[in-house]
Structures are given as structure tokens and as C-alpha cells.
$ cat my_file17.csv   # CSV, C-alpha atoms and all ligand atoms
chain,number,residue,atom,x,y,z
N,1,MET,CA,65.7,-102.9,86.3
N,2,THR,CA,63.6,-102.4,89.5
N,3,ALA,CA,59.9,-101.4,89.0
N,4,SER,CA,59.1,-98.0,90.3
N,5,PRO,CA,56.9,-97.9,93.4
N,6,PRO,CA,53.2,-97.1,93.1
N,7,LEU,CA,52.4,-93.4,93.7
N,8,LEU,CA,50.6,-94.3,96.9
N,9,GLU,CA,51.0,-97.4,99.1
N,10,VAL,CA,49.2,-97.7,102.3
N,11,ARG,CA,50.3,-100.5,104.7
N,12,ASP,CA,48.2,-101.8,107.5
N,13,LEU,CA,46.7,-98.3,108.3
N,14,VAL,CA,44.8,-97.9,111.5
N,15,LYS,CA,42.8,-95.0,112.8
N,16,HIS,CA,41.0,-95.3,116.1
N,17,PHE,CA,39.1,-92.4,117.7
N,18,PRO,CA,39.4,-92.7,121.5
N,19,LEU,CA,36.2,-92.1,123.5
N,20,ASN,CA,36.0,-90.3,126.8
N,21,ARG,CA,35.7,-92.6,129.8
N,22,GLY,CA,32.9,-91.7,132.2
N,23,PHE,CA,34.0,-91.2,135.9
N,24,ALA,CA,32.4,-94.6,136.9
N,25,GLU,CA,34.3,-96.3,134.1
N,26,TYR,CA,37.5,-94.6,135.2
N,27,LEU,CA,37.0,-95.7,138.8
N,28,ARG,CA,36.4,-99.2,137.7
N,29,GLY,CA,39.7,-99.0,135.8
N,30,GLU,CA,38.0,-99.8,132.5
N,31,PRO,CA,40.3,-99.3,129.5
N,32,ILE,CA,39.8,-96.3,127.2
N,33,ARG,CA,37.5,-97.4,124.4
N,34,ALA,CA,37.8,-96.2,120.8
N,35,VAL,CA,35.9,-96.2,117.5
N,36,HIS,CA,37.8,-98.5,115.2
N,37,ALA,CA,37.1,-96.4,112.1
N,38,VAL,CA,39.9,-97.8,109.9
N,39,ASP,CA,41.4,-101.1,111.0
N,40,GLY,CA,44.4,-102.4,109.1
N,41,VAL,CA,43.9,-101.2,105.6
N,42,SER,CA,46.5,-101.8,102.9
N,43,LEU,CA,46.1,-100.6,99.3
N,44,THR,CA,48.0,-99.0,96.4
N,45,VAL,CA,47.1,-96.3,93.8
N,46,GLY,CA,49.2,-96.1,90.6
N,47,ARG,CA,50.0,-93.0,88.7
N,48,GLY,CA,47.1,-91.9,86.5
N,49,GLU,CA,44.9,-94.5,88.2
N,50,THR,CA,41.5,-94.1,89.9
N,51,LEU,CA,40.8,-96.3,92.9
N,52,GLY,CA,37.0,-96.3,93.7
N,53,LEU,CA,36.2,-96.8,97.4
N,54,ILE,CA,32.7,-98.0,98.2
N,55,GLY,CA,30.9,-99.3,101.3
N,56,GLU,CA,27.9,-98.3,103.3
N,57,SER,CA,27.7,-95.3,105.6
N,58,GLY,CA,30.1,-95.4,108.5
N,59,SER,CA,32.4,-98.0,107.0
N,60,GLY,CA,35.4,-95.6,107.3
N,61,LYS,CA,35.8,-94.2,103.8
N,62,THR,CA,36.1,-90.6,104.7
N,63,THR,CA,38.4,-91.4,107.7
N,64,LEU,CA,40.7,-93.4,105.4
N,65,GLY,CA,40.7,-90.4,102.9
N,66,TRP,CA,41.5,-88.0,105.7
N,67,VAL,CA,44.3,-90.2,107.1
N,68,ILE,CA,45.8,-90.6,103.6
N,69,ALA,CA,45.8,-86.8,103.1
N,70,LYS,CA,47.2,-86.5,106.7
N,71,LEU,CA,44.3,-84.5,108.0
N,72,HIS,CA,44.1,-87.1,110.7
N,73,GLU,CA,47.2,-88.7,112.1
N,74,PRO,CA,47.1,-92.5,111.7
N,75,SER,CA,47.0,-94.5,115.0
N,76,SER,CA,49.5,-96.9,113.3
N,77,GLY,CA,50.6,-98.1,109.9
N,78,GLN,CA,52.5,-96.5,107.0
N,79,ILE,CA,51.7,-94.2,104.1
N,80,LEU,CA,54.3,-94.4,101.3
N,81,PHE,CA,54.2,-91.8,98.6
N,82,ASP,CA,56.5,-92.4,95.7
N,83,GLY,CA,58.2,-95.0,98.0
N,84,ILE,CA,58.9,-92.5,100.8
N,85,ASP,CA,57.3,-92.9,104.2
N,86,VAL,CA,55.3,-89.7,104.8
N,87,THR,CA,53.9,-91.0,108.1
N,88,VAL,CA,57.1,-89.9,109.8
N,89,ALA,CA,57.7,-86.8,107.6
N,90,GLN,CA,57.8,-83.5,109.5
N,91,GLY,CA,58.6,-79.8,108.9
N,92,ALA,CA,59.6,-78.7,105.4
N,93,ARG,CA,59.4,-82.2,104.0
N,94,LEU,CA,55.8,-82.6,105.2
N,95,LYS,CA,54.9,-79.2,103.9
N,96,ALA,CA,56.3,-79.9,100.5
N,97,TRP,CA,54.5,-83.3,100.4
N,98,ARG,CA,51.2,-81.8,101.4
N,99,ARG,CA,50.9,-80.0,98.0
N,100,ARG,CA,51.1,-83.3,96.2
N,101,VAL,CA,47.9,-84.8,97.9
N,102,GLN,CA,44.7,-82.8,97.9
N,103,ILE,CA,41.2,-83.6,99.0
N,104,VAL,CA,37.8,-82.5,97.8
N,105,PHE,CA,35.6,-82.7,100.9
N,106,GLN,CA,32.4,-84.6,101.2
N,107,ASP,CA,30.4,-81.5,102.1
N,108,PRO,CA,31.1,-78.7,99.5
N,109,VAL,CA,28.9,-76.2,101.4
N,110,GLY,CA,30.5,-76.7,104.8
N,111,SER,CA,34.0,-76.7,103.5
N,112,LEU,CA,33.8,-73.4,101.6
N,113,ASP,CA,34.1,-70.3,103.8
N,114,PRO,CA,30.9,-68.2,103.0
N,115,ARG,CA,32.7,-65.0,103.7
N,116,LEU,CA,35.3,-65.5,101.0
N,117,ARG,CA,34.9,-64.7,97.3
N,118,ALA,CA,35.6,-67.4,94.7
N,119,TRP,CA,39.2,-66.3,94.0
N,120,GLN,CA,40.0,-66.3,97.7
N,121,VAL,CA,38.4,-69.7,98.2
N,122,VAL,CA,40.3,-71.3,95.3
N,123,GLY,CA,43.5,-69.3,96.0
N,124,GLU,CA,43.6,-69.9,99.8
N,125,ALA,CA,46.1,-72.6,99.6
N,126,LEU,CA,48.5,-70.6,97.4
N,127,GLN,CA,48.8,-68.0,100.2
N,128,GLY,CA,50.0,-70.8,102.5
N,129,GLN,CA,52.6,-72.0,100.0
N,130,ARG,CA,54.8,-68.9,99.6
N,131,ARG,CA,54.7,-65.1,99.5
N,132,ILE,CA,52.5,-64.3,96.5
N,133,SER,CA,50.7,-61.1,95.5
N,134,ARG,CA,47.0,-60.8,95.5
N,135,ALA,CA,47.1,-60.0,91.8
N,136,GLU,CA,49.1,-63.1,91.1
N,137,ILE,CA,46.6,-65.3,93.1
N,138,ARG,CA,43.7,-63.7,91.1
N,139,ARG,CA,45.5,-64.4,87.8
N,140,ARG,CA,46.1,-68.0,88.8
N,141,VAL,CA,42.5,-68.6,89.8
N,142,PHE,CA,41.3,-66.8,86.7
N,143,GLU,CA,43.2,-69.4,84.6
N,144,MET,CA,42.1,-72.3,86.7
N,145,LEU,CA,38.3,-71.7,86.7
N,146,PRO,CA,37.7,-72.7,83.1
N,147,THR,CA,39.6,-76.0,83.7
N,148,VAL,CA,36.8,-77.0,86.1
N,149,GLY,CA,34.1,-75.6,83.8
N,150,LEU,CA,33.4,-72.3,85.6
N,151,PRO,CA,33.4,-68.9,83.8
N,152,PRO,CA,36.5,-66.9,84.9
N,153,ASP,CA,34.4,-63.8,85.5
N,154,CYS,CA,32.9,-65.4,88.6
N,155,LEU,CA,36.1,-64.5,90.5
N,156,ASP,CA,34.3,-62.1,92.9
N,157,GLN,CA,31.2,-64.2,93.6
N,158,TYR,CA,30.5,-65.7,97.0
N,159,PRO,CA,30.0,-69.5,97.4
N,160,HIS,CA,26.2,-69.1,98.0
N,161,GLU,CA,25.8,-67.4,94.6
N,162,PHE,CA,26.9,-70.7,92.9
N,163,SER,CA,24.6,-73.7,92.2
N,164,GLY,CA,25.4,-77.0,94.0
N,165,GLY,CA,27.4,-78.1,90.9
N,166,GLY,CA,29.2,-74.7,90.9
N,167,ARG,CA,30.3,-75.1,94.5
N,168,GLN,CA,31.5,-78.6,93.8
N,169,ARG,CA,33.6,-77.2,90.9
N,170,LEU,CA,35.0,-74.5,93.2
N,171,SER,CA,36.1,-77.3,95.6
N,172,LEU,CA,37.7,-79.1,92.7
N,173,ALA,CA,39.5,-75.9,91.6
N,174,ARG,CA,40.8,-75.4,95.1
N,175,ALA,CA,42.3,-78.9,95.1
N,176,LEU,CA,43.8,-78.5,91.6
N,177,ILE,CA,45.4,-75.1,92.0
N,178,LEU,CA,48.4,-76.6,93.8
N,179,GLN,CA,49.0,-79.1,90.9
N,180,PRO,CA,48.7,-82.2,93.1
N,181,GLU,CA,49.4,-85.7,92.0
N,182,LEU,CA,46.8,-87.5,94.0
N,183,ILE,CA,43.3,-86.2,94.8
N,184,VAL,CA,41.0,-87.8,97.3
N,185,LEU,CA,37.5,-87.1,95.9
N,186,ASP,CA,35.0,-87.6,98.8
N,187,GLU,CA,31.5,-88.0,97.3
N,188,PRO,CA,32.3,-85.4,94.7
N,189,THR,CA,28.9,-85.6,93.0
N,190,SER,CA,26.5,-86.9,95.7
N,191,ALA,CA,24.5,-83.7,96.2
N,192,LEU,CA,24.0,-83.0,92.5
N,193,ASP,CA,21.4,-84.0,89.9
N,194,VAL,CA,22.3,-86.7,87.5
N,195,ALA,CA,23.1,-84.4,84.5
N,196,VAL,CA,25.6,-82.3,86.6
N,197,GLN,CA,27.1,-85.4,88.2
N,198,ALA,CA,27.9,-86.7,84.7
N,199,GLN,CA,29.5,-83.3,83.7
N,200,ILE,CA,31.7,-83.3,86.8
N,201,LEU,CA,32.7,-87.0,86.3
N,202,ASN,CA,33.5,-86.3,82.7
N,203,ARG,CA,35.6,-83.3,83.7
N,204,LEU,CA,37.5,-85.4,86.2
N,205,VAL,CA,38.2,-88.2,83.7
N,206,SER,CA,39.4,-85.8,81.0
N,207,LEU,CA,41.6,-83.9,83.5
N,208,GLN,CA,43.2,-87.3,84.5
N,209,ARG,CA,43.9,-88.1,80.8
N,210,GLU,CA,45.4,-84.6,80.2
N,211,ARG,CA,47.4,-84.3,83.4
N,212,GLY,CA,47.9,-87.8,84.7
N,213,TYR,CA,46.2,-87.3,88.1
N,214,SER,CA,45.6,-90.2,90.4
N,215,TYR,CA,42.3,-90.3,92.2
N,216,ILE,CA,40.7,-92.0,95.2
N,217,LEU,CA,37.0,-91.8,94.4
N,218,ILE,CA,34.9,-92.3,97.5
N,219,THR,CA,31.2,-92.7,96.7
N,220,HIS,CA,28.0,-94.5,97.2
N,221,ASN,CA,27.3,-94.3,93.5
N,222,VAL,CA,28.3,-97.6,92.0
N,223,ALA,CA,27.6,-96.3,88.5
N,224,ALA,CA,30.1,-93.5,89.0
N,225,VAL,CA,32.7,-95.9,90.2
N,226,ARG,CA,32.1,-98.2,87.2
N,227,TYR,CA,32.4,-95.2,84.8
N,228,ALA,CA,35.4,-93.4,86.3
N,229,SER,CA,37.5,-96.0,88.2
N,230,HIS,CA,40.1,-98.5,87.1
N,231,ARG,CA,40.0,-100.5,90.3
N,232,VAL,CA,37.6,-100.6,93.3
N,233,ALA,CA,38.0,-101.4,97.0
N,234,VAL,CA,35.0,-102.3,99.1
N,235,MET,CA,35.0,-101.3,102.8
N,236,TYR,CA,33.0,-102.8,105.6
N,237,LEU,CA,33.4,-101.7,109.2
N,238,GLY,CA,36.9,-100.2,108.8
N,239,GLU,CA,38.3,-103.0,106.7
N,240,ILE,CA,38.7,-103.7,103.0
N,241,VAL,CA,36.9,-106.9,102.2
N,242,GLU,CA,37.4,-107.0,98.4
N,243,VAL,CA,39.6,-105.1,95.9
N,244,GLY,CA,40.3,-105.6,92.2
N,245,PRO,CA,39.7,-104.4,88.7
N,246,VAL,CA,36.4,-102.4,88.6
N,247,ARG,CA,34.6,-104.6,86.1
N,248,ALA,CA,35.6,-107.9,87.7
N,249,VAL,CA,34.5,-106.8,91.2
N,250,LEU,CA,31.2,-105.2,90.1
N,251,GLU,CA,30.2,-107.9,87.6
N,252,LYS,CA,31.6,-111.0,89.4
N,253,PRO,CA,31.8,-110.0,93.1
N,254,VAL,CA,33.2,-112.7,95.3
N,255,HIS,CA,32.8,-111.4,98.9
N,256,PRO,CA,29.3,-111.9,100.3
N,257,TYR,CA,29.2,-108.2,101.3
N,258,THR,CA,30.1,-107.0,97.8
N,259,LYS,CA,27.4,-109.3,96.4
N,260,ALA,CA,24.9,-107.7,98.9
N,261,LEU,CA,25.9,-104.2,97.8
N,262,ILE,CA,25.4,-105.1,94.2
N,263,ALA,CA,22.1,-106.9,95.0
N,264,ALA,CA,20.8,-103.8,96.6
N,265,LEU,CA,21.1,-101.8,93.4
N,266,PRO,CA,18.0,-101.6,91.2
N,267,VAL,CA,18.0,-104.3,88.5
N,268,PRO,CA,16.1,-104.1,85.2
N,269,ASP,CA,14.2,-107.4,85.8
N,270,ALA,CA,13.3,-107.8,89.5
N,271,ARG,CA,11.8,-111.3,88.8
N,272,ARG,CA,15.4,-112.5,88.3
N,273,ARG,CA,15.9,-112.2,92.0
N,274,ARG,CA,15.3,-115.5,93.8
N,275,THR,CA,14.9,-115.4,97.6
N,276,ARG,CA,17.8,-117.7,98.5
N,277,TYR,CA,20.4,-115.9,100.5
N,278,ARG,CA,19.0,-113.4,103.0
N,279,ILE,CA,21.3,-110.7,104.5
N,280,SER,CA,20.0,-110.0,108.0
N,281,GLY,CA,21.2,-109.4,111.6
N,282,GLU,CA,22.8,-106.4,113.3
N,283,ILE,CA,25.8,-104.4,112.1
N,284,PRO,CA,28.3,-104.7,115.0
N,285,THR,CA,29.5,-101.6,116.7
N,286,LEU,CA,32.9,-100.1,115.7
N,287,VAL,CA,33.7,-99.7,119.4
N,288,ARG,CA,33.9,-103.4,120.1
N,289,PRO,CA,34.2,-105.0,116.7
N,290,PRO,CA,33.7,-108.7,117.0
N,291,PRO,CA,36.6,-111.1,116.7
N,292,GLY,CA,36.7,-113.0,113.4
N,293,CYS,CA,34.9,-111.7,110.3
N,294,ARG,CA,33.1,-108.5,110.8
N,295,PHE,CA,30.4,-109.5,108.4
N,296,ALA,CA,29.6,-112.7,110.2
N,297,SER,CA,26.5,-111.3,112.0
N,298,ARG,CA,24.8,-110.7,108.6
N,299,CYS,CA,26.4,-113.2,106.3
N,300,PRO,CA,24.2,-116.1,105.0
N,301,PHE,CA,27.3,-118.2,104.5
N,302,VAL,CA,28.7,-117.9,108.0
N,303,ILE,CA,30.4,-120.9,109.6
N,304,ASP,CA,32.0,-121.4,113.1
N,305,ARG,CA,35.5,-120.5,111.8
N,306,CYS,CA,34.2,-117.0,110.7
N,307,ARG,CA,33.3,-116.0,114.2
N,308,VAL,CA,36.8,-116.6,115.6
N,309,GLU,CA,39.3,-116.1,112.8
N,310,SER,CA,39.6,-112.8,111.0
N,311,PRO,CA,39.9,-113.5,107.2
N,312,LYS,CA,42.9,-111.9,105.4
N,313,LEU,CA,42.7,-110.4,101.9
N,314,ARG,CA,44.0,-113.0,99.5
N,315,GLU,CA,43.9,-113.6,95.8
N,316,ILE,CA,41.4,-116.2,94.5
N,317,PRO,CA,43.0,-118.3,91.7
N,318,ALA,CA,39.8,-118.3,89.6
N,319,HIS,CA,39.5,-114.5,89.8
N,320,PRO,CA,43.0,-113.2,89.1
N,321,GLY,CA,43.6,-109.7,90.2
N,322,GLN,CA,40.8,-109.8,92.7
N,323,ARG,CA,41.6,-110.0,96.4
N,324,VAL,CA,39.0,-111.1,98.9
N,325,ALA,CA,38.8,-111.4,102.7
N,326,CYS,CA,36.5,-114.4,103.2
N,327,HIS,CA,37.2,-117.9,104.4
N,328,ARG,CA,34.7,-119.3,102.0
N,329,ALA,CA,35.7,-117.2,98.9
N,330,GLU,CA,36.2,-120.2,96.6
N,331,GLU,CA,32.9,-121.8,97.6
N,332,VAL,CA,30.8,-118.6,97.3
N,333,ALA,CA,32.5,-117.0,94.3
N,334,ASP,CA,30.1,-118.2,91.7
N,335,ILE,CA,26.9,-117.4,93.6
N,336,SER,CA,25.1,-114.6,91.8
N,337,PRO,CA,24.4,-111.4,93.6
N,338,LEU,CA,20.9,-111.5,92.2
N,339,THR,CA,20.1,-114.4,94.5
N,340,MET,CA,20.8,-112.2,97.6
N,341,VAL,CA,17.9,-110.5,99.5
N,342,VAL,CA,19.0,-107.4,101.2
N,343,PRO,CA,16.6,-105.7,103.7
N,344,PRO,CA,17.7,-102.3,105.2
N,345,PRO,CA,20.4,-102.9,107.8
N,346,VAL,CA,19.8,-102.8,111.5
N,347,SER,CA,22.6,-100.9,113.2
N,348,SER,CA,23.7,-101.2,116.8
N,349,ALA,CA,24.6,-97.6,117.9
N,350,THR,CA,28.2,-96.4,117.9
N,351,PRO,CA,28.6,-93.9,120.7
N,352,ALA,CA,28.9,-90.3,119.7
N,353,PRO,CA,32.5,-89.0,119.4
N,354,ALA,CA,34.2,-87.7,122.6
L,401,LIG,N1,36.3,-87.4,114.6
L,401,LIG,C1,35.7,-88.5,114.9
L,401,LIG,N2,35.6,-88.9,116.2
L,401,LIG,C2,35.0,-90.1,116.5
L,401,LIG,N3,34.5,-91.0,115.6
L,401,LIG,C3,34.6,-90.6,114.3
L,401,LIG,C4,35.2,-89.4,113.9
L,401,LIG,N4,35.1,-89.3,112.5
L,401,LIG,C5,34.4,-90.5,112.1
L,401,LIG,N5,34.1,-91.2,113.2
L,401,LIG,C6,33.5,-92.5,113.2
L,401,LIG,O1,34.2,-93.4,112.4
L,401,LIG,C7,33.3,-94.2,111.6
L,401,LIG,C8,33.6,-94.1,110.2
L,401,LIG,O2,33.1,-92.8,109.7
L,401,LIG,P1,33.4,-92.2,108.3
L,401,LIG,O3,32.8,-90.9,108.2
L,401,LIG,O4,34.8,-92.4,107.9
L,401,LIG,O5,32.5,-93.2,107.4
L,401,LIG,P2,32.1,-93.1,105.9
L,401,LIG,O6,32.3,-94.5,105.3
L,401,LIG,O7,32.7,-92.0,105.2
L,401,LIG,O8,30.5,-92.8,106.0
L,401,LIG,P3,29.6,-92.0,104.9
L,401,LIG,O9,29.3,-92.9,103.8
L,401,LIG,O10,28.3,-91.8,105.7
L,401,LIG,O11,30.2,-90.7,104.6
L,401,LIG,C9,31.9,-93.9,112.1
L,401,LIG,O12,31.5,-94.7,113.1
L,401,LIG,C10,32.1,-92.5,112.6
L,401,LIG,O13,31.1,-92.2,113.6
L,402,LIG,S1,34.4,-115.1,106.3
L,402,LIG,FE1,32.5,-116.2,106.8
L,402,LIG,S2,31.1,-114.6,107.6
L,402,LIG,FE2,32.8,-113.6,106.6
L,402,LIG,S3,32.0,-113.1,104.6
L,402,LIG,FE3,33.1,-115.1,104.4
L,402,LIG,S4,31.6,-116.7,104.8
L,402,LIG,FE4,30.7,-114.7,105.4
L,403,MG,MG,32.1,-90.2,104.3

$ encode --input "my_file17.csv" --output "C-alpha cells"
Amino acid sequence: MTASPPLLEVRDLVKHFPLNRGFAEYLRGEPIRAVHAVDGVSLTVGRGETLGLIGESGSGKTTLGWVIAKLHEPSSGQILFDGIDVTVAQGARLKAWRRRVQIVFQDPVGSLDPRLRAWQVVGEALQGQRRISRAEIRRRVFEMLPTVGLPPDCLDQYPHEFSGGGRQRLSLARALILQPELIVLDEPTSALDVAVQAQILNRLVSLQRERGYSYILITHNVAAVRYASHRVAVMYLGEIVEVGPVRAVLEKPVHPYTKALIAALPVPDARRRRTRYRISGEIPTLVRPPPGCRFASRCPFVIDRCRVESPKLREIPAHPGQRVACHRAEEVADISPLTMVVPPPVSSATPAPA
């Protein structure tokens, strides 16, 4: 018997945003440059599974989410959904597939049209699906609102009449109304206070248990990832540097960048930190990413090989299930994140989008 494919499989996905060439650059025949936002990402998400996606600002998390939901066309690579290549799907097949993957956007305020009432915001996608009466849309939204913890009688309110948590729930209802299988949750709780964050995460987890949804949970909140994810992938400058079971990666990170992320979190006893491995140096630009390991300019364990040869994701025998892109993974695996010192990063500017 052959095993069924994962719900989502992404193979070597690339998304580059080309930048405009100035006239002088054009005359000099300089090639068109691009922001390498996502650069060769491969991952899977199983049915009923949550994959957390973490990494500092600008590492490409949102871009990856948008490419997976096909809101951006990939520059290259494949997206397989249920084993079927949707990168090449068009017309009716693409339309039918779109329902199965939904996204909750990073900015709930900007993504909700302020002129629409709650039932129109949530029911918008139903109108696009097939001919359906206004009364039917209202009925479907009325039934959906309690699922996300909103009172059904708020059907006629405008987005600005909701609290931050209420708007986030509206975004969630809008994604759920099409009964998708995979939901990309882009910072679903970042703008909310801690109590409301917990309510929304609890709701997401119970919906997953009831309905078998798969999630990609994009967030800076490591506690949220620990609570709500099964596996976690760590992104740095457009690449995945470590992926594995959530507890293993967060408690015994192998990649020096993952260690630095964990080290930057508050710890109960700050005296346990010893000043041994200092993360310093500039973050390279995504327009001309350096050859070799992209973390080399900040890594305390860098060796000559790191600057010329790009490390590939590979399994580390002592950490089964964890895959790490680091030439020195075996040597650095047991170094505690608490020994890392992480000052705020210095970034070299990435040019504004064209
Ligand atoms: N439409 C675009 N055109 C050009 N560059 C873009 C575009 N969208 C994103 N980028 C660039 O791609 C890189 C990755 O951005 P992205 O928003 O995916 O990062 P992120 O990890 O989601 O960051 P954050 O945590 O701040 O949300 C950044 O350098 C960003 O400036
Ligand atoms: S490959 Fe080298 S530079 Fe990159 S994380 Fe590993 S040790 Fe550091
Ligand atoms: Mg983002």
C-alpha cells in the first residue's frame, strides 16, 4: 500500500521581486536585480497538522505564505496539494483549488474593507464562488460567526465597530466560510493583548480538532508556536535553516540562528546566560545575498567553508526528525542557546520595491 501524499508539499520554491533598473544601470547593461524574498524553500504540511513558521522581520514568511496561497506567482518551484501540482493549474481547476487554501492576512485592519458590513466582509468569497442569494449569504455568515466566537447579531456592524480581537475573528470567519483544508495564519494574534491572543489560539486549536484543518502559523510569538504547532520551520533571509518537531527545535535548537532566536527570548534567570558566543555583524541584503551560508556574517561558529558553500537542510543523526542547514551542525548541536549573546541586529538596507 502506498502512503498518501501530505496535504501540502512545497518543492524548492523561489520568489524573487525584480527591482527597476535606473537609466544609468540600463545603459551600463547591468542585469535586473531582484529581492530574493524566498529562495529554495521545501516543506510539507500534513492533514490536521500545524506548521509554525518563525524568523525575524523580512525573512520571507509572509511572501512564502502568499506564494503557497497563490496570491503571488512563484518565480520557480512546485506546490503540490494532495499530490497534484497546483503551480501549473489554470482556469476551473485553479478556481476549485483556491477554495481549499485560505489566508488570514497579517494586517486585519487593512485587509477588511471599511465600507462593508460584517456579513459582507465574511461572505465576500461566497459571492465569487457561485450564484447565491443575499439571504443565503447572511444565513451562512450568521451560522459561521459563533464558530469564531462572535455574536451572530453583529452581522450588520462595520469593521471599525469591532475590537482588535473582533476584527481578527472576522478575518478568521472570512477564511473559514469556504470550508478550506489549509489555512495560512499570518500573525493572527500579533496586534492583540495576551488574554485575547490566548482565546483566538484556543479557538484555532479546537477548530482544528473538530474539523481537521491544517495550518501554517506565521508568527514572531514563540510561545504561540510552542502551544499551537506540531512542527516548526525557522526562516532566515529567504531560506529554511531548521525544521522539526516543535519541542525538539525550541528546546534543543541545533542551528546557530535558531539558538540566537531562543536566546533573545526572556529567560527566568538571566544569570544563567554566560557571555560566550556573540551574534554580531550585518544582516546581508536580500538583493545580493552572499554565496555560502547567509548567516555567516553573524555566526560565531563561522569557518571558511561557510562563506563559499551553501549548507543544505539535512537530518542530524543525534536529533532524529530535525533537519538543519549548517555545515557544523554536529559540532554545535549541544551548545546551549543560553550561552549566546544577541544584541539588536544591524541591517544593511534592502532597496524599496519597484
Ligand atoms: N511586493 C514586494 N516587492 C518587493 N519586495 C517585497 C515585496 N513583498 C515583500 N518584499 C520583500 O521581501 C522580503 C521578505 O518580506 P516578508 O514580508 O515576506 O517578510 P516577513 O518575514 O513576513 O517579515 P515580517 O515579520 O516583518 O512580517 C523583504 O525584504 C521585503 O521587503
Ligand atoms: S554553516 Fe557556518 S556560518 Fe552557517 S550557521 Fe553553520 S557554522 Fe554558522
Ligand atoms: Mg510578514

$ closest_residue --input "my_file17.csv" --among "N:Gln78, N:Gln157, N:Thr50, N:Gln102" --to "Leu217 of chain N" --atoms "all atoms listed in the file"
N:Thr50

$ residues_near_ligand --input "my_file17.csv" --ligand "ligand LIG 401 (chain L)" --cutoff "10 Å" --atoms "all atoms listed in the file" --output "PyMOL selection string"
chain N and resi 15-19+34-38+53-67+72+106-107+186-187+218-220+235-238+285-287+349-354

$ closest_residue --input "my_file17.csv" --among "N:Ser111, N:Gly212, N:Leu126, N:Pro337" --to "Leu250 of chain N" --atoms "only C-alpha atoms"
N:Pro337

$ closest_residue --input "my_file17.csv" --among "N:Ala248, N:Leu112, N:Ala296, N:Ala24" --to "Gly321 of chain N" --atoms "all atoms listed in the file"
N:Ala248

$ residues_around --input "my_file17.csv" --residues "segment 79-85 of chain N" --least-positions-apart "2" --cutoff "10 Å" --atoms "only C-alpha atoms" --output "JSON, numbers by chain"
{"N": [4, 5, 6, 7, 8, 9, 10, 11, 12, 13, 42, 43, 44, 45, 46, 47, 67, 68, 69, 70, 74, 76, 77, 87, 88, 89, 97, 100, 101, 182]}

$ closest_residue --input "my_file17.csv" --among "N:Pro300, N:Pro311, N:Gly166, N:Gly40" --to "Tyr277 of chain N" --atoms "all atoms listed in the file"
N:Pro300

$ closest_residue --input "my_file17.csv" --among "N:Ala228, N:Ala329, N:Pro159, N:His319" --to "Leu204 of chain N" --atoms "only C-alpha atoms"
N:Ala228

$ decode --input "my_file17.csv" --residues "segment 153-177 of chain N" --atoms "C-alpha atoms" --output "short mmCIF file (atom, residue, chain, number, x, y, z; two decimals), in the first residue's frame"
data_model
loop_
_atom_site.label_atom_id
_atom_site.label_comp_id
_atom_site.auth_asym_id
_atom_site.auth_seq_id
_atom_site.Cartn_x
_atom_site.Cartn_y
_atom_site.Cartn_z
CA ASP N 153 -26.27 39.64 15.84
CA CYS N 154 -23.20 41.65 14.78
CA LEU N 155 -23.97 40.86 11.13
CA ASP N 156 -24.64 44.49 10.23
CA GLN N 157 -21.76 46.14 12.08
CA TYR N 158 -18.82 47.72 10.26
CA PRO N 159 -15.22 46.53 10.92
CA HIS N 160 -14.34 49.70 12.88
CA GLU N 161 -17.10 48.87 15.37
CA PHE N 162 -15.22 45.70 16.41
CA SER N 163 -12.31 45.50 18.83
CA GLY N 164 -8.90 44.33 17.53
CA GLY N 165 -9.74 40.77 18.58
CA GLY N 166 -13.17 41.06 16.93
CA ARG N 167 -11.60 42.13 13.63
CA GLN N 168 -9.18 39.23 13.82
CA ARG N 169 -12.13 36.88 14.37
CA LEU N 170 -13.88 38.42 11.33
CA SER N 171 -10.77 37.66 9.24
CA LEU N 172 -10.82 34.12 10.53
CA ALA N 173 -14.54 33.72 9.73
CA ARG N 174 -13.88 35.02 6.21
CA ALA N 175 -11.23 32.33 5.73
CA LEU N 176 -13.35 29.53 7.24
CA ILE N 177 -16.60 30.22 5.38
#
